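These notes concern the structure reproduced below.
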Amino acid sequence: VPMSLYLWLFLLAAVCAAFGSDPKWERISYGLSFLCLASFLTFRYAQGTDWLAYNYIFMSAPVTINLNSIYYTEAFHSEFGWKLINNLWRSLGFDFISLSILISVLEMYFLGRFLKRYSPNRALSLVLACPVIYFVYFFSALRQGLVVAVFLGLMLPMLENEQHGKFILLDLLLSTIHSGALALLLLLVVQKIQIKHIFTLIVASVCIGVGLSFVLQYIVSLIGISYETSGANPLALIYRLVIYSITVMLYSGRNSVDTSSKLLFKCYSIGFCIYLVFMSNELISSRLAAPLLAIECALLPALLKGQSRQGSVLLLCIISMCLVMYLKNISAAIDQSKYIEEISVFNYPYISVFNTSDIYHYSTSYYYLSFLKPI
């Protein structure tokens, strides 16, 4: 059985990241890695965990623009703005695959814009993006992926330039696509937080998180949102702790930190605090904190710059951690999409828009796609 294309993709990204630490090779290694990741994302078909749900939401949209009774999808939750996008796209006569391609292009554009502004080794940034931002949010959770990308590419620069009015307006717009975007409004106070108070905030977040762990599932079931089946995820928590600890170690070890990195570090720390508060429910914690935790993919390379001695050891450690998380998330995709027993993380097939019917050889979840042809 040939090795999964997903593993080759990660291997390529990791090799590019190693070359990218040399300024001479940074541009070309990033270009190659970006091109492969973008193509993989853009032309995928029925990949990841939520693809079917989004396909269903799209097929539930009216074929004419209908704002009076914005359609409701009973099986899957979706915000008003996302339904509107689906309705408009479908009324123009396009299919779901073309919407998926459009969203992918936008996501990669905004990610590239963010990395150009903040990361000195963009190829390493792409490796850091692989396990969660790229494979979970861009590949599967389309609404959340779009929020993460727009936050990184547009809203962070607004925050840095203190364009708070624009920041709030864009955030409210994004909240109609994914309500979790409202958590980003916390960043309006981030410039006032002093670095020395961050440790106190983290300790407080851990205490609240432990306290909440006894009642969070009960609160979630009362509200009736679809996250009640999710519990804590020890591997994800360890990953978060290790990556954050490395960031803190690098940050405190530097003699001087530029204002951009200082702002990124504060925002990232707020994201880590949100994650800790809701750590007893992996889905809620990761969904709310995702845009802020995504900052690590530019912040870590910025802090690693010039760390020649311990840098290469840390680089290896970070890439290994990313690989473990990447494999964990591929494994989750295989479980949730009901792939046949022979499929493992090492031979997980990549299906593209050029070989769509191949999905039926591997997964039982997708049989009903053949009945979902557009009307």
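Identifiers in this document derive from the order of the structure tokens: chains are assigned A, B, ..., residues are numbered from 1 separately in each chain, and ligands are numbered from 1 in order of occurrence.
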- Message: Residues of segment 67-314 of chain A classed as helix (DSSP H, G or I) by DSSP on the backbone are to be reported as JSON, numbers by chain.
- Response: {"A": [80, 81, 82, 83, 84, 85, 86, 87, 88, 89, 90, 91, 96, 97, 98, 99, 100, 101, 102, 103, 104, 105, 106, 107, 108, 109, 110, 111, 112, 113, 114, 115, 116, 117, 118, 122, 123, 124, 125, 126, 127, 128, 129, 130, 131, 132, 133, 134, 135, 136, 137, 138, 142, 143, 144, 145, 146, 147, 148, 149, 150, 151, 152, 153, 154, 155, 156, 157, 158, 159, 160, 164, 165, 166, 167, 168, 169, 170, 171, 172, 173, 174, 175, 179, 180, 181, 182, 183, 184, 185, 186, 187, 188, 189, 190, 191, 192, 195, 196, 197, 198, 199, 200, 201, 202, 203, 204, 205, 206, 207, 208, 209, 210, 211, 212, 216, 217, 218, 219, 220, 221, 222, 223, 234, 235, 236, 237, 238, 239, 240, 241, 242, 243, 244, 245, 246, 247, 248, 249, 250, 251, 252, 253, 259, 260, 261, 262, 263, 264, 265, 266, 267, 268, 269, 270, 271, 272, 273, 274, 275, 276, 277, 282, 283, 284, 285, 286, 287, 288, 289, 290, 291, 292, 293, 296, 297, 298, 299, 300, 301, 302, 303, 304, 308, 309, 310, 311, 312, 313, 314]}
List every residue of segment 155-189 of chain A that has an atom at most 8 Å from any atom of segment 82-89 of chain A, and for each one report the closest atom pair and its distance in Å to one decimal, counting only C-alpha atoms, with rows sorted by chain and then by increasing residue number, as CSV.
residue,atom,partner,partner_atom,distance
A:Thr176,CA,A:Trp82,CA,6.9
A:Ile177,CA,A:Trp82,CA,4.9
A:His178,CA,A:Trp82,CA,7.9
How about saving the chosen residues, C-alpha atoms kept, as a PDB file, in the first residue's frame?
ATOM      1  CA  THR A 176     -22.575  35.847  11.384  1.00  0.00           C
ATOM      2  CA  ILE A 177     -20.396  33.113   9.843  1.00  0.00           C
ATOM      3  CA  HIS A 178     -19.180  31.628  13.147  1.00  0.00           C
TER       4      HIS A 178
END
- Message: Using only C-alpha atoms, can you tell me which of A:Val215, A:Leu250, A:Leu41, A:Leu35 comes closest to Phe135 of chain A?
- Response: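 Between A:Val215, A:Leu250, A:Leu41, A:Leu35, the residue approaching Phe135 of chain A most closely is A:Leu41.
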Sorted by chain and rising residue number, which residues of segment 18-41 of chain A lie within 12 Å of segment 315-331 of chain A, and what are their closest atom pairs and distances in Å to one decimal, counting only C-alpha atoms, as a tab-separated table?
residue	atom	partner	partner_atom	distance
A:Ala18	CA	A:Leu315	CA	8.2
A:Phe19	CA	A:Leu315	CA	11.6
A:Gly20	CA	A:Leu315	CA	11.5
A:Ser21	CA	A:Leu315	CA	9.8
- Message: Taking only C-alpha atoms into account, name the residue in A:Pro291, A:Pro349, A:Pro23, A:Pro301 that is nearest to Ala181 of chain A.
- Response: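 Going through A:Pro291, A:Pro349, A:Pro23, A:Pro301 one by one, the smallest distance to Ala181 of chain A is for A:Pro291.
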List as a compact mmCIF listing (two decimals) with N, CA, C and O atoms, in the first residue's frame the protein and nucleic acid residues near Thr247 of chain A, meaning an atom at most 9 Å away when only C-alpha atoms are counted, but skip any in the same chain fewer than 6 places from it.
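Produced file part_17.txt, reproduced below:
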# COMPACT_ATOMS: atom_id res chain seq x y z
N PHE A 265 2.44 38.08 21.02
CA PHE A 265 2.59 37.28 22.23
C PHE A 265 1.41 37.50 23.19
O PHE A 265 0.88 36.56 23.77
N GLU A 296 0.63 31.35 16.75
CA GLU A 296 1.91 30.68 17.03
C GLU A 296 2.70 30.40 15.75
O GLU A 296 3.93 30.33 15.77
N LEU A 299 4.60 33.62 15.32
CA LEU A 299 5.31 34.06 16.53
C LEU A 299 6.53 33.19 16.83
O LEU A 299 7.61 33.69 17.13
N LEU A 300 6.36 31.86 16.74
CA LEU A 300 7.49 30.97 17.03
C LEU A 300 8.67 31.19 16.09
O LEU A 300 9.80 31.33 16.55
N LEU A 303 10.49 34.33 17.09
CA LEU A 303 11.28 34.22 18.32
C LEU A 303 12.47 33.28 18.15
O LEU A 303 13.47 33.39 18.87
N LEU A 304 12.36 32.32 17.21
CA LEU A 304 13.46 31.39 16.95
C LEU A 304 14.59 32.03 16.15
O LEU A 304 15.71 31.53 16.14
- Between atom CA of Glu282 of chain A and atom CA of Glu79 of chain A, measure the distance and give it in Å to one decimal. 20.9 Å
- Using atom CA of Leu11 of chain A and atom CA of Leu124 of chain A as the two end points, give the distance in Å to one decimal.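 Taking atom CA of Leu11 of chain A and atom CA of Leu124 of chain A, their separation equals 12.0 Å.
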- Query: Near Arg90 of chain A, within 12 Å and counting only C-alpha atoms, which residues show up once chain neighbours fewer than 4 positions away are dropped, as a VMD selection string?
  - Reply: chain A and resid 55 57 to 66 83 to 86 94 to 99 374 to 375
Taking N, CA and C atoms for each residue, export the selection above as a short mmCIF file (atom, residue, chain, number, x, y, z; two decimals), in the first residue's frame.
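Result file is again.cif:
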data_model
loop_
_atom_site.label_atom_id
_atom_site.label_comp_id
_atom_site.auth_asym_id
_atom_site.auth_seq_id
_atom_site.Cartn_x
_atom_site.Cartn_y
_atom_site.Cartn_z
N ASN A 55 -21.67 20.17 2.82
CA ASN A 55 -22.33 19.83 1.57
C ASN A 55 -23.85 19.79 1.77
N ILE A 57 -25.57 21.43 4.13
CA ILE A 57 -26.06 22.80 4.33
C ILE A 57 -26.25 23.48 2.97
N PHE A 58 -25.27 23.27 2.08
CA PHE A 58 -25.34 23.88 0.75
C PHE A 58 -26.55 23.36 -0.03
N MET A 59 -26.77 22.03 0.03
CA MET A 59 -27.88 21.43 -0.71
C MET A 59 -29.24 21.81 -0.12
N SER A 60 -29.23 22.26 1.13
CA SER A 60 -30.50 22.69 1.75
C SER A 60 -30.86 24.12 1.38
N ALA A 61 -29.92 24.83 0.77
CA ALA A 61 -30.18 26.24 0.41
C ALA A 61 -31.15 26.32 -0.76
N PRO A 62 -32.03 27.33 -0.75
CA PRO A 62 -32.93 27.51 -1.90
C PRO A 62 -32.12 27.85 -3.15
N VAL A 63 -32.67 27.50 -4.32
CA VAL A 63 -31.94 27.79 -5.56
C VAL A 63 -32.21 29.22 -6.04
N THR A 64 -33.15 29.90 -5.39
CA THR A 64 -33.35 31.33 -5.68
C THR A 64 -33.07 32.09 -4.38
N ILE A 65 -32.71 33.36 -4.50
CA ILE A 65 -32.41 34.13 -3.27
C ILE A 65 -33.71 34.32 -2.49
N ASN A 66 -33.67 33.87 -1.25
CA ASN A 66 -34.87 33.90 -0.43
C ASN A 66 -34.52 34.41 0.96
N LYS A 83 -25.36 30.75 5.84
CA LYS A 83 -26.52 30.32 5.03
C LYS A 83 -26.73 31.27 3.85
N LEU A 84 -26.53 32.55 4.13
CA LEU A 84 -26.69 33.57 3.10
C LEU A 84 -25.68 33.36 1.97
N ILE A 85 -24.42 33.10 2.34
CA ILE A 85 -23.36 32.84 1.34
C ILE A 85 -23.75 31.64 0.48
N ASN A 86 -24.23 30.57 1.14
CA ASN A 86 -24.64 29.36 0.41
C ASN A 86 -25.80 29.65 -0.53
N PHE A 94 -23.85 27.90 -9.13
CA PHE A 94 -22.61 27.17 -8.84
C PHE A 94 -22.88 26.00 -7.91
N ASP A 95 -21.92 25.07 -7.86
CA ASP A 95 -22.09 23.91 -6.96
C ASP A 95 -21.22 24.06 -5.71
N PHE A 96 -21.32 23.08 -4.82
CA PHE A 96 -20.60 23.16 -3.55
C PHE A 96 -19.08 23.06 -3.75
N ILE A 97 -18.65 22.27 -4.73
CA ILE A 97 -17.20 22.13 -4.97
C ILE A 97 -16.58 23.49 -5.30
N SER A 98 -17.27 24.28 -6.11
CA SER A 98 -16.73 25.59 -6.47
C SER A 98 -16.70 26.53 -5.26
N LEU A 99 -17.68 26.38 -4.35
CA LEU A 99 -17.67 27.20 -3.12
C LEU A 99 -16.47 26.80 -2.25
N PRO A 374 -27.28 18.36 -7.50
CA PRO A 374 -28.07 19.61 -7.47
C PRO A 374 -29.33 19.50 -8.32
N ILE A 375 -30.38 20.14 -7.85
CA ILE A 375 -31.66 20.08 -8.56
C ILE A 375 -31.59 20.92 -9.83
#
- Would you mind reading off the distance between atom CA of Ile198 of chain A and atom CA of Leu283 of chain A, one decimal, in Å? 24.3 Å
- Taking into account only C-alpha atoms, which residue in the set A:Leu212, A:Ile284, A:Asn121, A:Ile202 is nearest to Ser245 of chain A? A:Ile202
- Query: Got a sec: who's within 12 Å of Ser286 of chain A, counting only C-alpha atoms, leaving out chain neighbours fewer than 5 positions off, as a PyMOL selection string?
  - Reply: chain A and resi 132-133+136-137+141+144+148+180+183+227+230-233+236-237+240+271-281+291-294
- Message: Residues near segment 337-339 of chain A, anyone? I mean within 8 Å using only C-alpha atoms, not counting same-chain ones fewer than 5 positions away, as a ChimeraX atom specification.
- Response: /A:48-49,362-365
Could those selected residues go to a file with all heavy atoms, as a tab-separated table (two decimals), in the first residue's frame?
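Below is the file that was written, part06.tsv:
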chain	number	residue	atom	x	y	z
A	48	GLY	N	-11.54	15.30	5.28
A	48	GLY	CA	-11.75	15.88	6.61
A	48	GLY	C	-13.05	15.41	7.22
A	48	GLY	O	-13.75	14.56	6.67
A	49	THR	N	-13.39	15.98	8.37
A	49	THR	CA	-14.53	15.47	9.13
A	49	THR	C	-15.87	16.14	8.81
A	49	THR	O	-16.91	15.53	8.96
A	49	THR	CB	-14.26	15.63	10.65
A	49	THR	OG1	-13.90	17.00	10.89
A	49	THR	CG2	-13.14	14.74	11.11
A	362	TYR	N	-13.47	3.75	-0.25
A	362	TYR	CA	-12.84	3.81	1.08
A	362	TYR	C	-13.79	4.10	2.24
A	362	TYR	O	-13.50	3.74	3.38
A	362	TYR	CB	-11.76	4.91	1.08
A	362	TYR	CG	-10.70	4.72	0.04
A	362	TYR	CD1	-10.61	5.60	-1.05
A	362	TYR	CD2	-9.80	3.66	0.12
A	362	TYR	CE1	-9.62	5.44	-2.02
A	362	TYR	CE2	-8.82	3.49	-0.84
A	362	TYR	CZ	-8.73	4.37	-1.91
A	362	TYR	OH	-7.76	4.20	-2.86
A	363	SER	N	-14.89	4.81	1.97
A	363	SER	CA	-15.73	5.25	3.08
A	363	SER	C	-17.20	4.96	2.83
A	363	SER	O	-17.70	5.15	1.72
A	363	SER	CB	-15.54	6.75	3.31
A	363	SER	OG	-16.51	7.22	4.22
A	364	THR	N	-17.88	4.52	3.88
A	364	THR	CA	-19.33	4.25	3.75
A	364	THR	C	-20.15	5.51	3.99
A	364	THR	O	-21.34	5.54	3.71
A	364	THR	CB	-19.74	3.18	4.78
A	364	THR	OG1	-19.29	3.61	6.08
A	364	THR	CG2	-19.12	1.84	4.45
A	365	SER	N	-19.53	6.57	4.52
A	365	SER	CA	-20.29	7.79	4.83
A	365	SER	C	-20.80	8.49	3.59
A	365	SER	O	-21.75	9.25	3.65
A	365	SER	CB	-19.40	8.81	5.56
A	365	SER	OG	-19.05	8.35	6.80
- Task: Select, from A:Ser125, A:Ser221, A:Gln163, A:Ser175, the residue with the minimum atom-to-atom distance to Val150 of chain A, counting only C-alpha atoms.
- Result: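 Checking each of A:Ser125, A:Ser221, A:Gln163, A:Ser175 against Val150 of chain A, counting only C-alpha atoms, the winner is A:Ser175.
For the residues A:Ser39, A:Ser344, A:Ser140, A:Ser213, ranking by smallest atom-to-atom distance to Met108 of chain A using only C-alpha atoms places A:Ser39 first.
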